[in-house]
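Student: Next comes the structure file my_file02.cif, holding mmCIF, C-alpha atoms.
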data_start
#
loop_
_atom_site.label_atom_id
_atom_site.label_comp_id
_atom_site.auth_asym_id
_atom_site.auth_seq_id
_atom_site.Cartn_x
_atom_site.Cartn_y
_atom_site.Cartn_z
CA MET A 1 93.42 -36.84 130.37
CA GLU A 2 89.73 -36.15 130.87
CA PHE A 3 88.78 -39.21 128.86
CA LEU A 4 90.08 -41.39 131.73
CA TYR A 5 87.32 -40.10 134.00
CA VAL A 6 83.61 -40.79 133.81
CA LEU A 7 80.75 -38.99 135.52
CA MET A 8 78.54 -41.43 137.42
CA PRO A 9 74.90 -40.69 136.54
CA ILE A 10 73.35 -41.51 139.93
CA SER A 11 75.92 -40.47 142.54
CA GLY A 12 77.19 -37.55 140.42
CA VAL A 13 80.88 -38.20 141.20
CA THR A 14 83.67 -38.43 138.63
CA ILE A 15 85.57 -41.72 138.76
CA PHE A 16 88.85 -42.89 137.19
CA TRP A 17 87.32 -45.72 135.10
CA PRO A 18 90.53 -47.73 134.37
CA GLY A 19 90.80 -48.09 138.17
CA LEU A 20 87.39 -49.76 138.21
CA ILE A 21 88.46 -52.18 135.46
CA ILE A 22 91.72 -53.07 137.27
CA LEU A 23 89.86 -53.58 140.54
CA GLY A 24 87.29 -55.78 138.76
CA LEU A 25 90.07 -57.75 137.07
CA GLY A 26 91.93 -58.48 140.34
CA VAL A 27 88.84 -59.43 142.30
CA GLY A 28 87.49 -61.39 139.31
CA ILE A 29 90.64 -63.55 139.26
CA ILE A 30 90.43 -64.22 143.00
CA GLY A 31 86.66 -64.78 142.93
CA GLY A 32 86.82 -67.26 140.04
CA PHE A 33 89.65 -69.12 141.76
CA PHE A 34 88.28 -69.31 145.32
CA GLY A 35 84.56 -69.24 144.63
CA MET A 36 83.65 -66.08 146.48
CA GLY A 37 82.28 -62.64 145.76
CA GLY A 38 85.03 -60.80 147.60
CA ALA A 39 83.10 -57.79 148.94
CA TRP A 40 85.72 -57.36 151.70
CA MET A 41 88.35 -56.75 148.99
CA ILE A 42 86.29 -54.43 146.77
CA THR A 43 85.02 -51.90 149.31
CA PRO A 44 88.47 -50.46 150.23
CA GLY A 45 89.34 -50.29 146.52
CA LEU A 46 86.16 -48.38 145.69
CA ASN A 47 86.84 -46.11 148.64
CA ILE A 48 90.28 -45.21 147.27
CA LEU A 49 88.82 -44.46 143.84
CA GLY A 50 86.59 -41.88 145.54
CA PHE A 51 83.40 -43.86 145.37
CA PRO A 52 80.64 -42.77 147.79
CA MET A 53 80.24 -45.44 150.46
CA ALA A 54 76.43 -45.21 150.21
CA PHE A 55 76.72 -46.84 146.78
CA ALA A 56 79.69 -49.13 147.43
CA ILE A 57 77.84 -52.24 148.67
CA GLY A 58 75.04 -52.17 146.05
CA THR A 59 77.50 -51.57 143.19
CA ASP A 60 79.78 -54.28 144.48
CA ILE A 61 76.93 -56.81 144.74
CA ALA A 62 75.61 -55.93 141.27
CA HIS A 63 79.00 -56.53 139.63
CA MET A 64 79.48 -59.65 141.79
CA ALA A 65 76.32 -61.22 140.32
CA GLY A 66 77.60 -60.75 136.76
CA LYS A 67 81.12 -61.88 137.59
CA SER A 68 79.88 -65.03 139.34
CA LEU A 69 77.71 -65.80 136.31
CA VAL A 70 80.81 -65.74 134.07
CA SER A 71 82.74 -67.96 136.53
CA THR A 72 79.81 -70.36 136.99
CA MET A 73 79.50 -70.76 133.20
CA ARG A 74 83.17 -71.67 132.94
CA HIS A 75 83.23 -73.88 136.06
CA GLY A 76 80.08 -75.57 134.75
CA LYS A 77 81.90 -76.56 131.55
CA PHE A 78 84.70 -78.08 133.65
CA GLY A 79 82.07 -80.06 135.57
CA ASN A 80 82.83 -78.18 138.78
CA VAL A 81 79.25 -77.10 139.60
CA ASP A 82 76.90 -79.38 141.54
CA TYR A 83 73.65 -77.70 140.42
CA ARG A 84 71.49 -80.09 142.45
CA LEU A 85 73.35 -79.20 145.64
CA GLY A 86 73.27 -75.51 144.67
CA VAL A 87 69.47 -75.50 144.22
CA ILE A 88 68.92 -77.33 147.53
CA MET A 89 71.13 -74.80 149.31
CA ILE A 90 69.34 -71.74 147.91
CA VAL A 91 66.37 -72.31 150.22
CA GLY A 92 68.53 -72.57 153.36
CA THR A 93 70.80 -69.70 152.31
CA VAL A 94 67.95 -67.24 151.61
CA VAL A 95 65.91 -68.08 154.72
CA GLY A 96 69.06 -68.12 156.89
CA PHE A 97 70.21 -64.78 155.47
CA GLU A 98 66.89 -63.08 156.18
CA VAL A 99 66.73 -64.52 159.73
CA GLY A 100 70.27 -63.19 160.30
CA ALA A 101 69.39 -59.77 158.84
CA GLN A 102 66.25 -59.52 161.03
CA MET A 103 68.26 -60.59 164.07
CA ILE A 104 70.90 -57.93 163.49
CA MET A 105 68.20 -55.23 163.31
CA TRP A 106 66.82 -56.46 166.62
CA LEU A 107 70.33 -56.42 168.11
CA GLU A 108 70.91 -52.88 166.79
CA ARG A 109 68.19 -51.63 169.10
CA ILE A 110 70.14 -53.04 172.05
CA GLY A 111 73.28 -51.19 170.94
CA LYS A 112 77.03 -51.97 170.52
CA VAL A 113 76.07 -54.48 167.86
CA ASP A 114 78.80 -53.34 165.47
CA LEU A 115 81.53 -54.21 167.98
CA TYR A 116 80.07 -57.65 168.72
CA VAL A 117 79.63 -58.39 165.01
CA ARG A 118 83.24 -57.49 164.27
CA TRP A 119 84.50 -59.70 167.09
CA MET A 120 82.26 -62.52 165.89
CA TYR A 121 83.72 -62.06 162.40
CA VAL A 122 87.27 -62.26 163.82
CA CYS A 123 86.44 -65.47 165.73
CA LEU A 124 84.80 -67.04 162.67
CA LEU A 125 87.68 -66.15 160.33
CA SER A 126 90.20 -67.44 162.90
CA LEU A 127 88.27 -70.70 163.10
CA ILE A 128 88.18 -71.02 159.29
CA ALA A 129 91.91 -70.24 158.98
CA TRP A 130 92.72 -72.77 161.72
CA THR A 131 90.53 -75.41 160.02
CA VAL A 132 92.23 -74.85 156.64
CA PHE A 133 95.79 -75.09 157.97
CA HIS A 134 94.95 -77.92 160.40
CA ASP A 135 93.55 -79.88 157.45
CA ILE A 136 96.66 -79.17 155.35
CA ASN A 137 98.92 -80.31 158.22
CA LYS A 138 96.93 -83.51 158.75
CA ARG A 139 97.04 -84.30 155.03
CA LYS A 140 100.82 -83.73 154.97
CA GLN A 141 101.14 -85.99 158.02
CA LYS A 142 99.22 -88.72 156.17
CA ASP A 143 101.54 -88.26 153.19
CA ARG A 144 104.63 -88.61 155.39
CA GLU A 145 103.29 -91.70 157.17
CA ALA A 146 102.37 -93.35 153.87
CA LYS A 147 105.80 -92.59 152.39
CA ALA A 148 107.50 -94.02 155.48
CA ALA A 149 105.48 -97.21 154.99
CA GLY A 150 106.44 -97.26 151.30
CA LYS A 151 102.87 -96.53 150.16
CA GLU A 152 101.11 -93.64 148.50
CA VAL A 153 98.14 -91.73 149.91
CA ASP A 154 94.92 -91.93 147.90
CA LYS A 155 94.47 -88.80 145.77
CA LEU A 156 91.00 -88.29 147.23
CA ALA A 157 92.23 -88.50 150.83
CA THR A 158 91.71 -85.47 153.04
CA GLY A 159 93.30 -84.30 156.28
CA ILE A 160 90.13 -83.51 158.22
CA GLU A 161 87.30 -86.00 157.80
CA TRP A 162 84.42 -84.33 159.64
CA HIS A 163 82.17 -84.82 156.61
CA LYS A 164 82.31 -88.60 157.06
CA THR A 165 80.64 -88.27 160.47
CA ILE A 166 78.02 -85.88 159.03
CA HIS A 167 77.31 -88.29 156.15
CA LYS A 168 76.36 -90.95 158.71
CA LEU A 169 73.21 -88.92 159.44
CA ARG A 170 70.63 -90.93 157.49
CA ILE A 171 67.43 -88.89 157.98
CA PRO A 172 65.23 -89.33 154.86
CA PRO A 173 64.86 -88.16 152.18
CA MET A 174 68.36 -88.96 150.98
CA VAL A 175 69.73 -87.17 147.93
CA ASN A 176 72.31 -88.48 145.50
CA LEU A 177 74.77 -85.69 144.68
CA LYS A 178 76.46 -87.33 141.71
CA VAL A 179 78.75 -84.42 140.85
CA SER A 180 80.03 -84.15 144.43
CA GLY A 181 80.21 -87.93 144.64
CA PHE A 182 78.16 -88.83 147.73
CA ILE A 183 74.66 -89.58 148.99
CA VAL A 184 73.51 -87.46 151.92
CA SER A 185 70.38 -86.63 153.88
CA ILE A 186 68.73 -83.60 152.24
CA TRP A 187 68.55 -81.96 155.68
CA VAL A 188 72.35 -81.70 155.86
CA PRO A 189 72.78 -79.17 152.97
CA ILE A 190 69.59 -77.36 154.02
CA LEU A 191 70.74 -76.98 157.63
CA LEU A 192 74.34 -76.13 156.72
CA SER A 193 73.27 -73.55 154.12
CA PHE A 194 70.82 -72.08 156.66
CA LEU A 195 73.69 -71.78 159.15
CA THR A 196 76.05 -70.12 156.65
CA GLY A 197 73.23 -67.88 155.35
CA TRP A 198 72.37 -66.87 158.93
CA LEU A 199 76.01 -66.03 159.68
CA ALA A 200 76.30 -64.06 156.41
CA GLY A 201 73.09 -62.15 157.30
CA ILE A 202 74.41 -61.27 160.75
CA LEU A 203 77.85 -60.27 159.48
CA GLY A 204 76.43 -58.38 156.47
CA ILE A 205 78.58 -60.25 153.95
CA GLY A 206 77.86 -62.30 150.82
CA GLY A 207 78.85 -65.55 152.50
CA GLY A 208 81.29 -67.10 150.01
CA LEU A 209 84.07 -66.89 152.57
CA ILE A 210 82.05 -69.10 154.95
CA ARG A 211 80.23 -71.30 152.42
CA MET A 212 83.34 -72.48 150.58
CA PRO A 213 84.99 -74.06 153.71
CA MET A 214 81.57 -75.38 154.80
CA LEU A 215 81.20 -77.17 151.45
CA ILE A 216 84.68 -78.68 151.77
CA TYR A 217 84.94 -79.60 155.45
CA LEU A 218 81.34 -80.25 156.48
CA MET A 219 79.66 -81.31 153.24
CA GLY A 220 82.72 -83.20 151.96
CA CYS A 221 82.75 -81.71 148.44
CA PRO A 222 86.02 -81.91 146.48
CA THR A 223 87.71 -78.46 146.44
CA HIS A 224 86.98 -77.73 142.75
CA ILE A 225 83.29 -78.68 143.16
CA ALA A 226 83.08 -76.50 146.28
CA VAL A 227 84.48 -73.52 144.35
CA GLY A 228 82.09 -73.98 141.38
CA THR A 229 79.00 -74.65 143.50
CA ASP A 230 79.76 -71.72 145.78
CA LEU A 231 79.96 -69.42 142.76
CA PHE A 232 76.54 -70.66 141.65
CA GLU A 233 75.22 -69.63 145.08
CA VAL A 234 77.02 -66.26 144.91
CA MET A 235 75.43 -65.66 141.50
CA ILE A 236 71.89 -66.26 142.80
CA SER A 237 72.36 -64.35 146.05
CA GLY A 238 74.20 -61.60 144.12
CA LEU A 239 71.25 -61.09 141.76
CA TYR A 240 68.89 -61.02 144.71
CA GLY A 241 71.15 -58.55 146.54
CA ALA A 242 71.51 -56.39 143.41
CA GLY A 243 67.70 -56.22 143.14
CA THR A 244 67.13 -55.25 146.78
CA TYR A 245 69.99 -52.73 146.99
CA THR A 246 68.94 -51.11 143.71
CA TYR A 247 65.37 -50.90 144.94
CA LYS A 248 66.75 -48.97 147.91
CA GLY A 249 68.52 -46.68 145.39
CA ARG A 250 72.03 -47.76 146.37
CA THR A 251 73.49 -49.10 143.13
CA GLU A 252 75.60 -47.25 140.57
CA LEU A 253 74.87 -49.50 137.60
CA VAL A 254 77.34 -47.78 135.24
CA ALA A 255 80.23 -48.41 137.67
CA ALA A 256 79.11 -52.04 138.10
CA MET A 257 79.17 -52.47 134.30
CA ILE A 258 82.68 -50.99 134.02
CA MET A 259 83.93 -53.27 136.81
CA LEU A 260 82.25 -56.20 135.10
CA VAL A 261 84.40 -55.69 131.98
CA GLY A 262 87.56 -56.37 134.00
CA ALA A 263 85.88 -58.96 136.22
CA SER A 264 84.65 -61.08 133.29
CA ILE A 265 88.24 -61.44 132.04
CA GLY A 266 89.54 -61.99 135.58
CA ALA A 267 86.84 -64.57 136.33
CA GLN A 268 87.91 -66.58 133.25
CA VAL A 269 91.58 -66.43 134.29
CA GLY A 270 90.80 -67.44 137.89
CA THR A 271 88.51 -70.28 136.81
CA VAL A 272 90.92 -71.68 134.21
CA ALA A 273 93.74 -71.51 136.81
CA THR A 274 91.85 -74.06 138.96
CA LYS A 275 92.48 -76.51 136.10
CA TYR A 276 96.20 -76.43 136.83
CA ILE A 277 96.27 -76.16 140.61
CA LYS A 278 95.56 -79.12 142.88
CA GLY A 279 92.74 -78.93 145.42
CA TYR A 280 95.14 -78.50 148.31
CA GLY A 281 96.95 -75.67 146.47
CA ILE A 282 93.62 -73.83 146.31
CA ARG A 283 93.04 -74.52 150.01
CA ILE A 284 96.43 -73.04 151.01
CA ALA A 285 95.83 -69.85 148.98
CA PHE A 286 92.31 -69.63 150.44
CA GLY A 287 93.73 -69.91 153.97
CA ILE A 288 96.10 -67.01 153.26
CA ALA A 289 93.21 -64.89 151.91
CA VAL A 290 91.14 -65.63 155.04
CA MET A 291 94.06 -64.63 157.28
CA GLY A 292 94.50 -61.36 155.35
CA CYS A 293 90.79 -60.60 155.71
CA ASN A 294 90.99 -61.40 159.44
CA ILE A 295 93.95 -59.06 160.03
CA SER A 296 92.15 -56.25 158.20
CA VAL A 297 89.08 -56.69 160.46
CA ILE A 298 91.31 -56.71 163.57
CA MET A 299 92.89 -53.45 162.35
CA LYS A 300 89.42 -51.91 162.18
CA LEU A 301 88.91 -52.93 165.81
CA ILE A 302 92.13 -51.42 167.19
CA PRO A 303 90.93 -47.74 167.24
CA ARG A 304 88.10 -48.76 169.59
CA TYR A 305 90.67 -49.64 172.23
CA VAL A 306 93.62 -47.36 171.32
CA GLU A 307 92.67 -43.72 170.69
CA GLY A 308 94.19 -41.78 167.80
CA THR A 309 95.05 -44.84 165.70
CA LYS A 310 92.12 -44.78 163.29
CA ALA A 311 93.91 -43.03 160.43
CA ILE A 312 96.95 -45.31 160.53
CA THR A 313 95.00 -48.58 160.97
CA ASP A 314 92.58 -47.63 158.16
CA MET A 315 95.52 -46.95 155.87
CA LEU A 316 97.34 -50.16 156.86
CA SER A 317 94.16 -52.20 156.42
CA THR A 318 93.63 -50.79 152.92
CA ILE A 319 97.29 -51.40 151.98
CA LEU A 320 97.03 -54.96 153.31
CA ILE A 321 93.87 -55.81 151.41
CA LEU A 322 94.91 -54.22 148.12
CA GLY A 323 98.39 -55.75 148.45
CA LEU A 324 96.84 -59.15 149.09
CA VAL A 325 94.50 -58.78 146.08
CA SER A 326 97.47 -57.81 143.86
CA LEU A 327 99.72 -60.64 145.07
CA LEU A 328 97.08 -63.36 145.00
CA SER A 329 95.75 -62.36 141.58
CA LEU A 330 99.32 -62.17 140.24
CA TYR A 331 100.11 -65.63 141.64
CA ILE A 332 96.92 -67.11 140.13
CA PHE A 333 97.59 -65.40 136.78
CA VAL A 334 101.19 -66.70 136.64
CA ARG A 335 100.06 -70.25 137.52
CA MET A 336 97.38 -70.07 134.82
CA VAL A 337 99.89 -68.91 132.18
CA GLN A 338 102.40 -71.61 133.23
CA GLY A 339 99.70 -74.30 133.09
CA ALA A 340 98.38 -73.13 129.72
CA ARG A 341 101.91 -73.03 128.26
CA ALA A 342 102.63 -76.57 129.47
CA GLU A 343 99.33 -77.83 128.04
CA VAL A 344 99.90 -76.19 124.65
CA ALA A 345 103.48 -77.57 124.55
CA GLN A 346 102.17 -81.03 125.42
CA LYS A 347 99.57 -80.83 122.63
CA LYS A 348 102.21 -79.77 120.12
CA GLY A 349 104.44 -82.64 121.28
CA ARG A 350 101.66 -85.14 120.59
CA ALA A 351 100.91 -83.70 117.13
CA MET B 1 63.55 -83.63 143.39
CA ASN B 2 60.46 -82.05 141.71
CA ARG B 3 59.06 -81.08 145.09
CA LEU B 4 62.42 -79.61 145.96
CA PHE B 5 62.48 -77.60 142.74
CA THR B 6 58.96 -76.26 143.47
CA LEU B 7 60.15 -75.23 146.95
CA ALA B 8 63.16 -73.42 145.48
CA VAL B 9 60.97 -71.59 142.94
CA MET B 10 58.54 -70.61 145.71
CA ALA B 11 61.40 -69.29 147.83
CA LEU B 12 62.64 -67.21 144.90
CA ALA B 13 59.13 -65.89 144.20
CA MET B 14 58.81 -64.84 147.83
CA LEU B 15 62.11 -62.99 147.87
CA PRO B 16 60.71 -59.46 147.40
CA GLN B 17 58.28 -59.96 150.32
CA ILE B 18 61.08 -61.26 152.51
CA ALA B 19 63.27 -58.37 151.42
CA PHE B 20 60.62 -55.78 152.25
CA ALA B 21 60.05 -57.44 155.62
CA ALA B 22 63.75 -57.16 156.36
CA ALA B 23 63.91 -53.50 155.34
CA ASP B 24 64.93 -50.90 157.90
CA LYS B 25 61.90 -49.33 159.56
CA SER B 26 63.60 -45.92 159.95
CA PRO B 27 62.76 -43.27 157.32
CA PRO B 28 65.01 -43.94 154.30
CA ILE B 29 67.43 -41.33 152.95
CA VAL B 30 66.21 -40.27 149.51
CA ILE B 31 68.96 -39.85 146.92
CA VAL B 32 68.02 -37.88 143.83
CA ALA B 33 70.18 -38.06 140.72
CA ASP B 34 70.98 -34.73 139.03
CA THR B 35 69.50 -35.11 135.54
CA ARG B 36 70.61 -31.64 134.38
CA LYS B 37 74.16 -32.85 133.72
CA PHE B 38 73.09 -35.49 131.18
CA THR B 39 71.60 -35.88 127.74
CA GLY B 40 70.47 -38.87 125.65
CA TRP B 41 70.48 -42.32 127.27
CA GLU B 42 72.15 -41.00 130.42
CA ALA B 43 69.32 -38.52 130.95
CA TRP B 44 66.77 -41.32 130.41
CA PHE B 45 68.75 -43.50 132.84
CA THR B 46 68.88 -40.90 135.64
CA ASN B 47 65.21 -40.04 135.09
CA LEU B 48 64.29 -43.70 135.42
CA TYR B 49 66.20 -43.84 138.73
CA ASN B 50 64.42 -40.75 140.06
CA GLU B 51 60.96 -41.81 138.91
CA SER B 52 60.87 -45.45 139.93
CA HIS B 53 63.34 -47.48 141.93
CA ILE B 54 61.30 -50.59 141.11
CA TYR B 55 61.80 -50.20 137.34
CA PHE B 56 65.43 -49.26 137.92
CA ALA B 57 65.92 -52.41 140.05
CA LEU B 58 64.21 -54.55 137.38
CA LEU B 59 66.47 -53.01 134.73
CA THR B 60 69.54 -53.78 136.88
CA VAL B 61 68.50 -57.39 137.50
CA ALA B 62 67.90 -57.86 133.76
CA VAL B 63 70.99 -56.03 132.50
CA ILE B 64 73.57 -57.62 134.83
CA PRO B 65 73.08 -61.25 133.67
CA ILE B 66 72.77 -60.24 130.00
CA VAL B 67 76.00 -58.23 130.10
CA GLY B 68 77.62 -61.01 132.18
CA VAL B 69 76.74 -63.65 129.57
CA LEU B 70 77.88 -61.42 126.67
CA LEU B 71 81.19 -60.55 128.32
CA GLY B 72 81.64 -64.17 129.38
CA MET B 73 81.13 -65.33 125.79
CA MET B 74 83.57 -62.74 124.49
CA ALA B 75 86.18 -63.78 127.07
CA ASP B 76 85.46 -67.40 126.05
CA VAL B 77 86.39 -66.60 122.44
CA VAL B 78 89.65 -64.97 123.55
CA MET B 79 90.53 -67.86 125.89
CA SER B 80 89.76 -70.50 123.26
CA ARG B 81 92.38 -68.90 120.97
CA ILE B 82 95.10 -69.79 123.48
CA GLY B 83 94.70 -73.41 122.41
CA ILE B 84 93.90 -75.01 125.79
CA ASP B 85 91.10 -77.45 126.56
CA LEU B 86 88.32 -75.41 128.14
CA LYS B 87 85.83 -78.23 128.59
CA SER B 88 87.49 -80.68 130.94
CA ARG B 89 89.76 -80.82 133.94
CA ASP B 90 92.23 -83.68 134.38
CA LEU B 91 93.10 -83.03 138.01
CA ALA B 92 91.00 -85.29 140.21
CA GLU B 93 92.02 -84.45 143.75
CA HIS B 94 90.03 -83.60 146.85
#
What does this structure look like when you write it as C-alpha cells?
Tutor:
Amino acid sequence: MEFLYVLMPISGVTIFWPGLIILGLGVGIIGGFFGMGGAWMITPGLNILGFPMAFAIGTDIAHMAGKSLVSTMRHGKFGNVDYRLGVIMIVGTVVGFEVGAQMIMWLERIGKVDLYVRWMYVCLLSLIAWTVFHDINKRKQKDREAKAAGKEVDKLATGIEWHKTIHKLRIPPMVNLKVSGFIVSIWVPILLSFLTGWLAGILGIGGGLIRMPMLIYLMGCPTHIAVGTDLFEVMISGLYGAGTYTYKGRTELVAAMIMLVGASIGAQVGTVATKYIKGYGIRIAFGIAVMGCNISVIMKLIPRYVEGTKAITDMLSTILILGLVSLLSLYIFVRMVQGARAEVAQKKGRA
Amino acid sequence: MNRLFTLAVMALAMLPQIAFAAADKSPPIVIVADTRKFTGWEAWFTNLYNESHIYFALLTVAVIPIVGVLLGMMADVVMSRIGIDLKSRDLAEH
C-alpha cells in the first residue's frame, strides 16, 4: 500500500495523500457554500494526517487561494459576486489585517496575549452566533405575524435590519453597488472591511468567518452575494497569504496541490448547492458552523483552568470539528444532489 | 471608480513592503529541505526552496491560480454533464 503515501519534498514527512484529497473535498464543499476559507477546520485535519504544524498554516492558505478561485469563478457565473464591493474592500481588509498583525506583535511583548486572543475569539463567535439566530427568529416572527394578518412577507425581508441604519450614512462619495442592490457611502465598506481585517489580523485567521456576517448584517448584502463576494476576498487575501508564508518557507506546495484536487470538486458542489438552498437556509447552517468553531475554541481554553485535561479536550475538539465538517459537507452534498435531480426532472418534463 | 481602482492596485503593489514590515523581528528558524531523497523535478523543486524563498514564493503564487483555474475548468466540464443550469440562479431571497 506504499502508493497511498507520498513523501513531501520540503518537510520530508510521508503523508497519506487520499486523506489530503478527502479533507480538501470536505472543506471545499463548506467553503464554497458559506464563503469562507475554513482554516479552523483544516488545521486539526492536517494534524491528524501527521502534517508538521510549522507548515500547516502556509499549506492551508495556499490551497485556500486556489479553492476560493474555483468557487469565485462559479459564484461569478451565478451573478453572486459583487466585484466592485470586493475591490473596495481589499484596501480596508489589507490595511486592517496588517494593523491587527502589528498590534498582536506589540501585545506579545506584554505577555498572555494568546489567552486574551482566544477569549476575544470566543466573544466574537458568540456574538456572531447570537446575531445569526436572533435574525432567524425575528424573520420567523415576521412570517408568523404576516400569516396571522393573512399576508405574505416580502421575499427580500430580513429579520435584523441594522444595515438600513448604516445606509443612512450619506458621506460622499457614494457608490452604487448594483449587484448587491443598494447605494452606500464608500466609507462604509472601507471602514467595515478595515474592522474585519483588523480583527482577522489580531485573531490570526483568514477572516471569512467574520466578513460573511458583516456583509449580510452590516452591509445589507443578500446572503448569496455575501457568500460570493466573501470568496473573492478570500481568494485575494489567500494569494497574498500564500506568498508571504511561502517566503517565510512555511508552505508545502505539493500537499496544497493534492488538497486542491479535492477542494476544486468540493468547491463546485458547495457553490452549486447555494442554487437550491434559500438565503436563510445558508444562514442557519452558517450559525451551526460558527457554534461548532466556538465550542472547539472553548475546549482549547479549558486546560488553562483545569489541569490534566489537555489530552481529552484536544481529542474532543478534533472529533467535534471533523465531525462537523463531515456532517455539514454531507448535508450540502445531499441538498445539491436533490436540487440537481429536481431540476433535471423538471427540464425533462418540459421537453 | 478609476481613482478607487488605482488605490487598490497601489495597495496590492505595496503588499510585500507591508508584509516585511509585519514580519517577526526575532531570528527566523531556517528549514532546509533534504534534496538527497529526490531526483528529477522533485530535486529541482527542493533545490529551488533551499536556494531562494523569493523564487519559491513567486512559483507558488503563480502555480496556485493556474492549477485552480485548470481544476475549476475540469470540474466545470464534469458538472455541466449533469444537465443543470450552471449560469443562473432562480432563488431571489435575502
Student: For a quick check of understanding, using all atoms listed in the file, which of B:Leu70, B:Val77, B:Ala33, B:Ile82 has the smallest distance to chain A?
Tutor: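 The answer is B:Ala33, which sits nearest to chain A.
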Student: Just so the selection is clear, what residues does the PyMOL selection byres ((chain A) within 6 of (chain B)) cover here, as an NGL selection string?
Tutor: :A and (10 or 66 or 70 or 77-78 or 91 or 102 or 155-156 or 222-223 or 243 or 246-247 or 264-265 or 275 or 279)
Student: For Gly92 in chain A, which residue out of A:Val184, A:Val175, A:Met41, A:Leu195 is the nearest one, using all atoms listed in the file?
Tutor: A:Leu195
Student: Could you check how far CA of Arg144 in chain A sits from CA of Leu125 in chain A, in Å to one decimal?
Tutor: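 Between these atoms lies a distance of 28.6 Å.
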Student: Can you measure CA of Glu343 in chain A to CA of Ser80 in chain B for me? One decimal in Å is fine.
Tutor: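 It comes out at 13.0 Å.
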Student: Smallest atom-to-atom distance to Gly249 in chain A: which of A:Asn294, A:Ser11, A:Gln141, A:Thr165, using only C-alpha atoms?
Tutor: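 Closest residue, counting only C-alpha atoms: A:Ser11.
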Student: Once the PyMOL selection byres ((chain A and resi 48) around 12) is applied to the coordinates I shared, what remains selected? I want it as a PDB file with C-alpha atoms, in the frame of the given file.
Tutor:
ATOM      1  CA  ILE A  15      85.570 -41.720 138.760  1.00  0.00           C
ATOM      2  CA  PHE A  16      88.850 -42.890 137.190  1.00  0.00           C
ATOM      3  CA  GLY A  19      90.800 -48.090 138.170  1.00  0.00           C
ATOM      4  CA  LEU A  20      87.390 -49.760 138.210  1.00  0.00           C
ATOM      5  CA  LEU A  23      89.860 -53.580 140.540  1.00  0.00           C
ATOM      6  CA  MET A  41      88.350 -56.750 148.990  1.00  0.00           C
ATOM      7  CA  ILE A  42      86.290 -54.430 146.770  1.00  0.00           C
ATOM      8  CA  THR A  43      85.020 -51.900 149.310  1.00  0.00           C
ATOM      9  CA  PRO A  44      88.470 -50.460 150.230  1.00  0.00           C
ATOM     10  CA  GLY A  45      89.340 -50.290 146.520  1.00  0.00           C
ATOM     11  CA  LEU A  46      86.160 -48.380 145.690  1.00  0.00           C
ATOM     12  CA  ASN A  47      86.840 -46.110 148.640  1.00  0.00           C
ATOM     13  CA  LEU A  49      88.820 -44.460 143.840  1.00  0.00           C
ATOM     14  CA  GLY A  50      86.590 -41.880 145.540  1.00  0.00           C
ATOM     15  CA  PHE A  51      83.400 -43.860 145.370  1.00  0.00           C
ATOM     16  CA  PRO A  52      80.640 -42.770 147.790  1.00  0.00           C
ATOM     17  CA  MET A  53      80.240 -45.440 150.460  1.00  0.00           C
ATOM     18  CA  ALA A  56      79.690 -49.130 147.430  1.00  0.00           C
ATOM     19  CA  ASP A 314      92.580 -47.630 158.160  1.00  0.00           C
ATOM     20  CA  MET A 315      95.520 -46.950 155.870  1.00  0.00           C
ATOM     21  CA  THR A 318      93.630 -50.790 152.920  1.00  0.00           C
ATOM     22  CA  ILE A 319      97.290 -51.400 151.980  1.00  0.00           C
ATOM     23  CA  ILE A 321      93.870 -55.810 151.410  1.00  0.00           C
ATOM     24  CA  LEU A 322      94.910 -54.220 148.120  1.00  0.00           C
TER      25      LEU A 322
END
Student: State, in Å with one decimal place, the distance from CA of Met174 in chain A to CA of Ile190 in chain A.
Tutor: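 Computing it gives 12.1 Å between the two atoms.
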Student: What does the PyMOL selection byres ((chain A and resi 101) around 10) select in this file, as a ChimeraX atom specification?
Tutor: /A:95-100,102-107,197-204 /B:19,22-24
Student: N, CA and C atoms are what I want for range 82-91 of chain A; can you complete it accordingly and write them as a PDB file, in the coordinates of the input?
Tutor:
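Done, and the output landed in rebuild17.pdb:
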ATOM      1  N   ASP A  82      77.927 -78.419 141.171  1.00  0.00           N
ATOM      2  CA  ASP A  82      76.900 -79.380 141.540  1.00  0.00           C
ATOM      3  C   ASP A  82      75.587 -78.596 141.629  1.00  0.00           C
ATOM      4  N   TYR A  83      74.873 -78.526 140.484  1.00  0.00           N
ATOM      5  CA  TYR A  83      73.650 -77.700 140.420  1.00  0.00           C
ATOM      6  C   TYR A  83      72.586 -78.198 141.391  1.00  0.00           C
ATOM      7  N   ARG A  84      72.503 -79.535 141.541  1.00  0.00           N
ATOM      8  CA  ARG A  84      71.490 -80.090 142.450  1.00  0.00           C
ATOM      9  C   ARG A  84      71.734 -79.594 143.881  1.00  0.00           C
ATOM     10  N   LEU A  85      72.981 -79.669 144.301  1.00  0.00           N
ATOM     11  CA  LEU A  85      73.350 -79.200 145.640  1.00  0.00           C
ATOM     12  C   LEU A  85      73.099 -77.690 145.757  1.00  0.00           C
ATOM     13  N   GLY A  86      73.449 -76.964 144.688  1.00  0.00           N
ATOM     14  CA  GLY A  86      73.270 -75.510 144.670  1.00  0.00           C
ATOM     15  C   GLY A  86      71.809 -75.118 144.856  1.00  0.00           C
ATOM     16  N   VAL A  87      70.902 -75.815 144.134  1.00  0.00           N
ATOM     17  CA  VAL A  87      69.470 -75.500 144.220  1.00  0.00           C
ATOM     18  C   VAL A  87      68.944 -75.812 145.622  1.00  0.00           C
ATOM     19  N   ILE A  88      69.368 -76.959 146.170  1.00  0.00           N
ATOM     20  CA  ILE A  88      68.920 -77.330 147.530  1.00  0.00           C
ATOM     21  C   ILE A  88      69.357 -76.246 148.527  1.00  0.00           C
ATOM     22  N   MET A  89      70.587 -75.759 148.344  1.00  0.00           N
ATOM     23  CA  MET A  89      71.130 -74.800 149.310  1.00  0.00           C
ATOM     24  C   MET A  89      70.506 -73.417 149.225  1.00  0.00           C
ATOM     25  N   ILE A  90      69.920 -73.086 148.056  1.00  0.00           N
ATOM     26  CA  ILE A  90      69.340 -71.740 147.910  1.00  0.00           C
ATOM     27  C   ILE A  90      68.299 -71.474 148.996  1.00  0.00           C
ATOM     28  N   VAL A  91      67.448 -72.484 149.236  1.00  0.00           N
ATOM     29  CA  VAL A  91      66.370 -72.310 150.220  1.00  0.00           C
ATOM     30  C   VAL A  91      66.966 -71.962 151.592  1.00  0.00           C
TER      31      VAL A  91
END
